[in-house]
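Before any comments, here is the structure.
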Amino acid sequence: MESLDATNTIVQQEVGTKAHHISDPHQHKDAVGAKIGMWLFLFTELLLFGGLFLLYMAYRLQYTKDFVIGGQELNIILGTVNTIILLTSSLTMALSIAAIQRGKKDLSIIFLVSTILMGLAFLVIKYFEWTAKFSHGIAPNSPELLSKPNGEIVFYGMYFSMTGLHALHVLIGIVVLSFMLVFLLRNKITKEDYIKLENSGLYWHLVDLIWIFLFPLFYLIH
Amino acid sequence: MANGTLAATLENYLEYKSKKGIFAWILSTDHKRIGILYLVAMVTFFWVGVTLGFLMKLEMLTPGKTIVDAQTYNTFFTLHGVIMIFLFIIPGIPAVFGNFFLPIQIGARDVAFPRLNLLSWYLYIIGGLFAIISLFLQGGPIDTGWTFYVPYSIRTTTNVILPLLGAFILGFSSILTGLNFITTVHRLRAPGMTFFRMPLFVWALYATAWIQVVATPVVGITIVLVIIERLLHVGIFDPALGGDPLLFQHLFWIYSHPAVYIMILPAMGVVSEIIPTFAKRTIFGYKVIAFSSLAIALIGYFVWAHHMFTSGMSDTSRMVFSLLTFLVAVPSGVKVFNWVATLYKGSIELRAPLIYVMMFIFLFSIGGLTGLVLGSLATDIHVTDTYFVVAHFHYVMFGGTAVILFAALHYWFPKMFGKMYNEKLAIWATPLIFIGFNMLYFTMFILGYLGMPRRYWSYLPEYQTLHIISTVGSWILVAGLMLMFGNLIYSLFKGKPAEANPWGGVTLEWQVPSPPPVENFEEIPVVNHGPYDFSTINENKDGKS
């Protein structure tokens, strides 16, 4: 109901004002529209990873035994710590938006900075996880990995591709949130207009959501 | 209201000066200018594609070498496919005419995200440049065919990564355009413009936009995985390391079959605009046409594996996909019947756009019906990977989408540029295109039925007569295209000024001046009737006179 009312007011505003945006006639503000756009974009991200999940399913059926062996070789402690970090960062992200909605700029900044720091911590741990694998000779196309059965090669292929692509998304998320931090500091994001922060938050939750599926698929199912 | 400032934005969009020189165009967020930017780029790429196709047909004039060697021929058909599909037909109608007319037709001043719209154009250009740069790098141009099938695309030494990246970026551009259009339709309709008062072109664009958003990411990830496979050898698609090439084919076609509907749906939308205007009658079965667009979008998503009937899938899945393929033909058939029914007892004015539409209905019907031959399992085995397939998709894509793109170009030319084209020359070009097209491609049906495989550089001597007819057809076709484009380009400079409504159309774009003002509407219109309501327009005229 609320969103419907909002729609009507905006339409009325559009009608009431004639050509009034003279400086740049093709820009207008529409928070609801911006959110629709963001949700559509998140939908495409889900489908992007969806292709990978589909491949994972097909290969897991084909190479069940090798996938079990591969899963047991991953470091479950580091995986769990990373899961906790990422889930907490989603909480602080939501708190940052809640703070700016109530006009508490400083609090919003603190929560946003902690979100960014936790994102970085996630990447650092991921880095150690990957380099530990490399030091054991497990890397794409390494002689050690190529000596293993095909199923395990594919397992690690999926592992590196999926967690790698996810890490890339975490990195993009951190960059986006850093921009939001600058906007907050310069009062470009305010109590009245916080859609940018809200949309960035949506993106961050998506990154979190993907990890929630990656974690059990690689670390927990044996 | 300050009338002085109002006048500034009522200036027509072609003359409006916001920035200096070319920057007024390449940095413009005006949806109309972006539409023109796309048009210029797309026509350029189209002629590159035509040239490649023309050279391919010339090579096929004789068995063995005529003008180029086999490897060059491989790169020719790959690039012809990549350019025509990714740079011309997929962005095609939505990027040019969708951008230009979607906001006007729903009574809006612009799309929902104008800056994102400009970004889409830049991504389109960058993607196109990537494909072209790859031609001149060491290793040589890509030779995998536009489908990039693994494992060959992993093993070949030609430049694969750059064109793949280009395709990925083009996909991004397509997604952004799609989500922009969806948001625009939901948020920016004028008061009174309910969903069932939207023109059918808007409905078609809306359905297309959903396919763009839902299907494109899948090919995005597929392309990324092929690049990863080439660079790092992770084994996901490499059979030597345990990967399954069939899974590549599935993921590829999950996008690339719906992409066929990204190409054809907007064209069907244009047909639904042109026919009522020149028959001076409301469209027959408005709601059914609107819903059939959505039905095509939905069913089209579940038919992809009919491209893989001979790849070794199980019989069960082959039968399921064959059945679904037959189903998707139904909504297309519904549209064709509705168009013909609209023409029935209309007061038909046979102008160039309508002639192109007639051509479309004829060619598209042949393309659609031969699609059923390919959709049935038994006959498909016989003609798969032959010239029959080549003929089929050229009838659908060229005879369907491209011919309608020409129709749209003539239909909206007066509105976009404020000039009239030369009607006589425009009509003279149509028989050339029609005869050339059918000589070129209908012979391919026969060649394919006789067993001529596609993508072959040489052939047995008994096929030569048909190949010669086909090649001569390509010359006539190119002559027709040159006449048509020449006429339009000449008219751009020397054409007579166009009125606001030269065809007597009733959708909103005909209610604004030609060319439209920067802000489209002086005041956002209030809509109180359906899109093809000729009765009220005629009454209004009577009332005034």
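Following the order of the structure tokens, first chain is A, next is B, and so on, with residues numbered from 1 inside each chain and ligands from 1 in the order they appear.
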Write out as JSON, numbers by chain each polymer residue whose atoms come within 8 Å of Trp211 in chain A, counting only C-alpha atoms; drop sequence neighbours fewer than 3 positions from it. {"A": [83, 166, 207, 208, 214, 215]}
Residues within 6 Å of range 137-145 of chain B, only C-alpha atoms, excluding chain neighbours under 2 positions, as number ranges by chain: B: 74-75, 78, 134-135, 147-148, 153, 158-160
Residues of the last selection are to be written out with C-alpha atoms, as a compact mmCIF listing (two decimals), in the first residue's frame.
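Contents of part-v8.txt, as written:
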```txt
# COMPACT_ATOMS: atom_id res chain seq x y z
CA ASN B 74 36.58 -19.78 -41.27
CA THR B 75 37.30 -16.35 -39.84
CA THR B 78 32.86 -16.46 -37.50
CA SER B 134 41.28 -8.98 -32.21
CA LEU B 135 41.44 -9.16 -36.01
CA THR B 147 28.95 -20.32 -30.95
CA PHE B 148 32.46 -20.62 -29.45
CA SER B 153 37.61 -22.72 -28.56
CA THR B 158 43.63 -17.78 -32.86
CA ASN B 159 42.58 -14.79 -30.72
CA VAL B 160 39.61 -16.10 -28.78
```
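Using only C-alpha atoms, the nearest neighbour of Ser311 in chain B within the list B:His257, B:Lys287, B:Lys419, B:His250 is B:His250.
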If you measure from CA of Gln71 in chain B to CA of Trp457 in chain B, what distance in Å do you get, rounded to one decimal? 8.8 Å
Check: which chain A residues lie within 6 Å of chain B using only C-alpha atoms, as a short mmCIF file (atom, residue, chain, number, x, y, z; two decimals) with N, CA and C atoms, in the first residue's frame:
```cif
data_model
loop_
_atom_site.label_atom_id
_atom_site.label_comp_id
_atom_site.auth_asym_id
_atom_site.auth_seq_id
_atom_site.Cartn_x
_atom_site.Cartn_y
_atom_site.Cartn_z
N VAL A 15 3.24 15.35 -13.21
CA VAL A 15 2.24 16.06 -13.98
C VAL A 15 2.25 17.53 -13.63
N LYS A 18 5.87 21.30 -15.05
CA LYS A 18 6.18 21.20 -16.48
C LYS A 18 7.68 21.00 -16.64
N THR A 44 20.13 -10.53 -11.97
CA THR A 44 21.08 -11.00 -12.98
C THR A 44 22.31 -11.60 -12.32
N LEU A 47 21.61 -15.09 -11.38
CA LEU A 47 21.63 -15.99 -12.53
C LEU A 47 23.05 -16.26 -12.99
N LEU A 48 23.91 -15.26 -12.85
CA LEU A 48 25.32 -15.45 -13.19
C LEU A 48 25.91 -16.58 -12.36
N GLY A 51 24.47 -20.19 -13.10
CA GLY A 51 25.15 -21.04 -14.09
C GLY A 51 26.20 -21.90 -13.41
N PRO A 140 45.46 -24.51 -10.32
CA PRO A 140 45.02 -24.92 -11.66
C PRO A 140 46.22 -25.29 -12.54
N ASN A 141 46.12 -26.43 -13.20
CA ASN A 141 47.14 -26.87 -14.15
C ASN A 141 48.48 -27.24 -13.51
N ASN A 150 40.32 -37.14 -12.50
CA ASN A 150 39.61 -36.05 -13.17
C ASN A 150 38.60 -35.36 -12.26
N VAL A 154 38.28 -31.33 -11.50
CA VAL A 154 37.08 -30.53 -11.72
C VAL A 154 36.62 -29.89 -10.41
N GLY A 157 38.73 -27.03 -9.88
CA GLY A 157 38.37 -26.04 -10.91
C GLY A 157 37.15 -25.25 -10.48
#
```
In Å and to one decimal, CA of Ala139 in chain A is distant from CA of Tyr159 in chain A by 10.6 Å
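Nearest to Tyr63 in chain A of all the residues A:Leu209, A:Met158, A:Glu45, A:Gly151 is A:Gly151, counting only C-alpha atoms.
Distance annotation: of A:Asp193, A:Glu198, A:Asp66, A:Glu129, the residue with the minimal separation from Asn82 in chain A is A:Glu129; atom set is only C-alpha atoms.
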Could you pull the residues within 6 Å of range 274-279 of chain B, counting only C-alpha atoms, minus those fewer than 5 positions along the same chain, as number ranges by chain? B: 343, 346-349, 505
Just the residues within 12 Å of Phe101 in chain B, please, counting only C-alpha atoms, with nothing from its chain fewer than 4 positions along; format it as an MDAnalysis selection string. chainID B and resid 30:36 93:97 105:111 181 199 201:202 205 269:270 273 408 411:413 415:416 507:510 512 515:516 520
If you run DSSP on the backbone, which residues of range 27-217 of chain A are helix (DSSP H, G or I), as a ChimeraX atom specification? /A:31-62,64-73,76-101,105-135,143-146,150-185,195-217
Quick one: distance from CA of Pro353 in chain B to CA of Ile26 in chain B in Å, one decimal?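 Interatomic distance, CA of Pro353 in chain B to CA of Ile26 in chain B: 29.7 Å.
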Closest of B:Gly448, B:Gly480, B:Pro502, B:Gly171 to Thr370 in chain B - atom-to-atom distances counting only C-alpha atoms: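 Closest residue, counting only C-alpha atoms: B:Gly448.
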For Ile262 in chain B, work out the shell of residues within 8 Å, counting only C-alpha atoms and skipping chain neighbours fewer than 3 positions away, then give it as a short mmCIF file (atom, residue, chain, number, x, y, z; two decimals) with C-alpha atoms, in the first residue's frame.
```
data_model
loop_
_atom_site.label_atom_id
_atom_site.label_comp_id
_atom_site.auth_asym_id
_atom_site.auth_seq_id
_atom_site.Cartn_x
_atom_site.Cartn_y
_atom_site.Cartn_z
CA ILE B 90 20.50 -8.38 -30.67
CA THR B 208 12.23 -8.50 -24.55
CA ALA B 209 13.74 -6.60 -21.65
CA ILE B 211 14.54 -11.97 -21.54
CA GLN B 212 17.60 -9.74 -21.65
CA PRO B 258 16.10 -16.88 -25.77
CA ALA B 259 18.38 -14.40 -27.56
CA LEU B 265 10.03 -9.85 -30.37
CA PRO B 266 10.79 -6.14 -30.85
#
```
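Nearest to Ala34 in chain A of all the residues A:Phe213, A:Tyr219, A:Tyr194, A:Phe67 is A:Tyr194, counting only C-alpha atoms.
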Residue contacts of Ser120 in chain B (8 Å, only C-alpha atoms) excluding same-chain residues fewer than 2 positions away, as a JSON list (two decimals) with N, CA, C and O atoms, in the first residue's frame:
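New file result-v6.json:
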```json
[["chain", "number", "residue", "atom", "x", "y", "z"],
["B", 116, "LEU", "N", 22.78, 5.66, -17.15],
["B", 116, "LEU", "CA", 23.04, 4.24, -17.38],
["B", 116, "LEU", "C", 22.84, 3.91, -18.85],
["B", 116, "LEU", "O", 23.55, 3.07, -19.43],
["B", 117, "ASN", "N", 21.89, 4.59, -19.46],
["B", 117, "ASN", "CA", 21.59, 4.40, -20.87],
["B", 117, "ASN", "C", 22.79, 4.76, -21.73],
["B", 117, "ASN", "O", 23.18, 4.02, -22.64],
["B", 118, "LEU", "N", 23.42, 5.90, -21.39],
["B", 118, "LEU", "CA", 24.61, 6.31, -22.13],
["B", 118, "LEU", "C", 25.74, 5.32, -21.89],
["B", 118, "LEU", "O", 26.47, 4.94, -22.82],
["B", 122, "TYR", "N", 28.28, 3.12, -24.48],
["B", 122, "TYR", "CA", 29.74, 3.01, -24.43],
["B", 122, "TYR", "C", 30.19, 1.57, -24.32],
["B", 122, "TYR", "O", 31.15, 1.15, -24.96],
["B", 123, "LEU", "N", 29.48, 0.78, -23.50],
["B", 123, "LEU", "CA", 29.84, -0.63, -23.38],
["B", 123, "LEU", "C", 29.69, -1.32, -24.73],
["B", 123, "LEU", "O", 30.51, -2.15, -25.12],
["B", 124, "TYR", "N", 28.62, -0.96, -25.44],
["B", 124, "TYR", "CA", 28.38, -1.53, -26.76],
["B", 124, "TYR", "C", 29.55, -1.23, -27.69],
["B", 124, "TYR", "O", 30.07, -2.12, -28.38],
["B", 172, "PHE", "N", 26.66, -7.23, -21.02],
["B", 172, "PHE", "CA", 26.46, -6.28, -19.93],
["B", 172, "PHE", "C", 25.62, -5.11, -20.43],
["B", 172, "PHE", "O", 24.65, -4.68, -19.79],
["B", 173, "SER", "N", 25.99, -4.61, -21.61],
["B", 173, "SER", "CA", 25.27, -3.50, -22.20],
["B", 173, "SER", "C", 23.79, -3.86, -22.40],
["B", 173, "SER", "O", 22.89, -3.09, -22.10],
["B", 174, "SER", "N", 23.57, -5.08, -22.89],
["B", 174, "SER", "CA", 22.22, -5.54, -23.15],
["B", 174, "SER", "C", 21.40, -5.64, -21.86],
["B", 174, "SER", "O", 20.24, -5.24, -21.80],
["B", 176, "LEU", "N", 21.87, -3.94, -19.08],
["B", 176, "LEU", "CA", 21.58, -2.61, -18.55],
["B", 176, "LEU", "C", 20.43, -1.96, -19.31],
["B", 176, "LEU", "O", 19.56, -1.32, -18.73],
["B", 177, "THR", "N", 20.42, -2.12, -20.65],
["B", 177, "THR", "CA", 19.31, -1.60, -21.43],
["B", 177, "THR", "C", 18.01, -2.25, -20.98],
["B", 177, "THR", "O", 16.99, -1.59, -20.80]]
```
Long-range neighbours of Val113 in chain A as a VMD selection string, 12 Å cut-off, only C-alpha atoms, 5 positions minimum in chain: chain A and resid 89 92 to 93 95 to 96 106 to 108 118 to 120 174 to 175 177 to 182 184 to 185
Could you check which of A:Gln62, A:Thr163, A:Ser114, A:Thr131 is closest to Ile212 in chain A, using only C-alpha atoms? A:Thr163
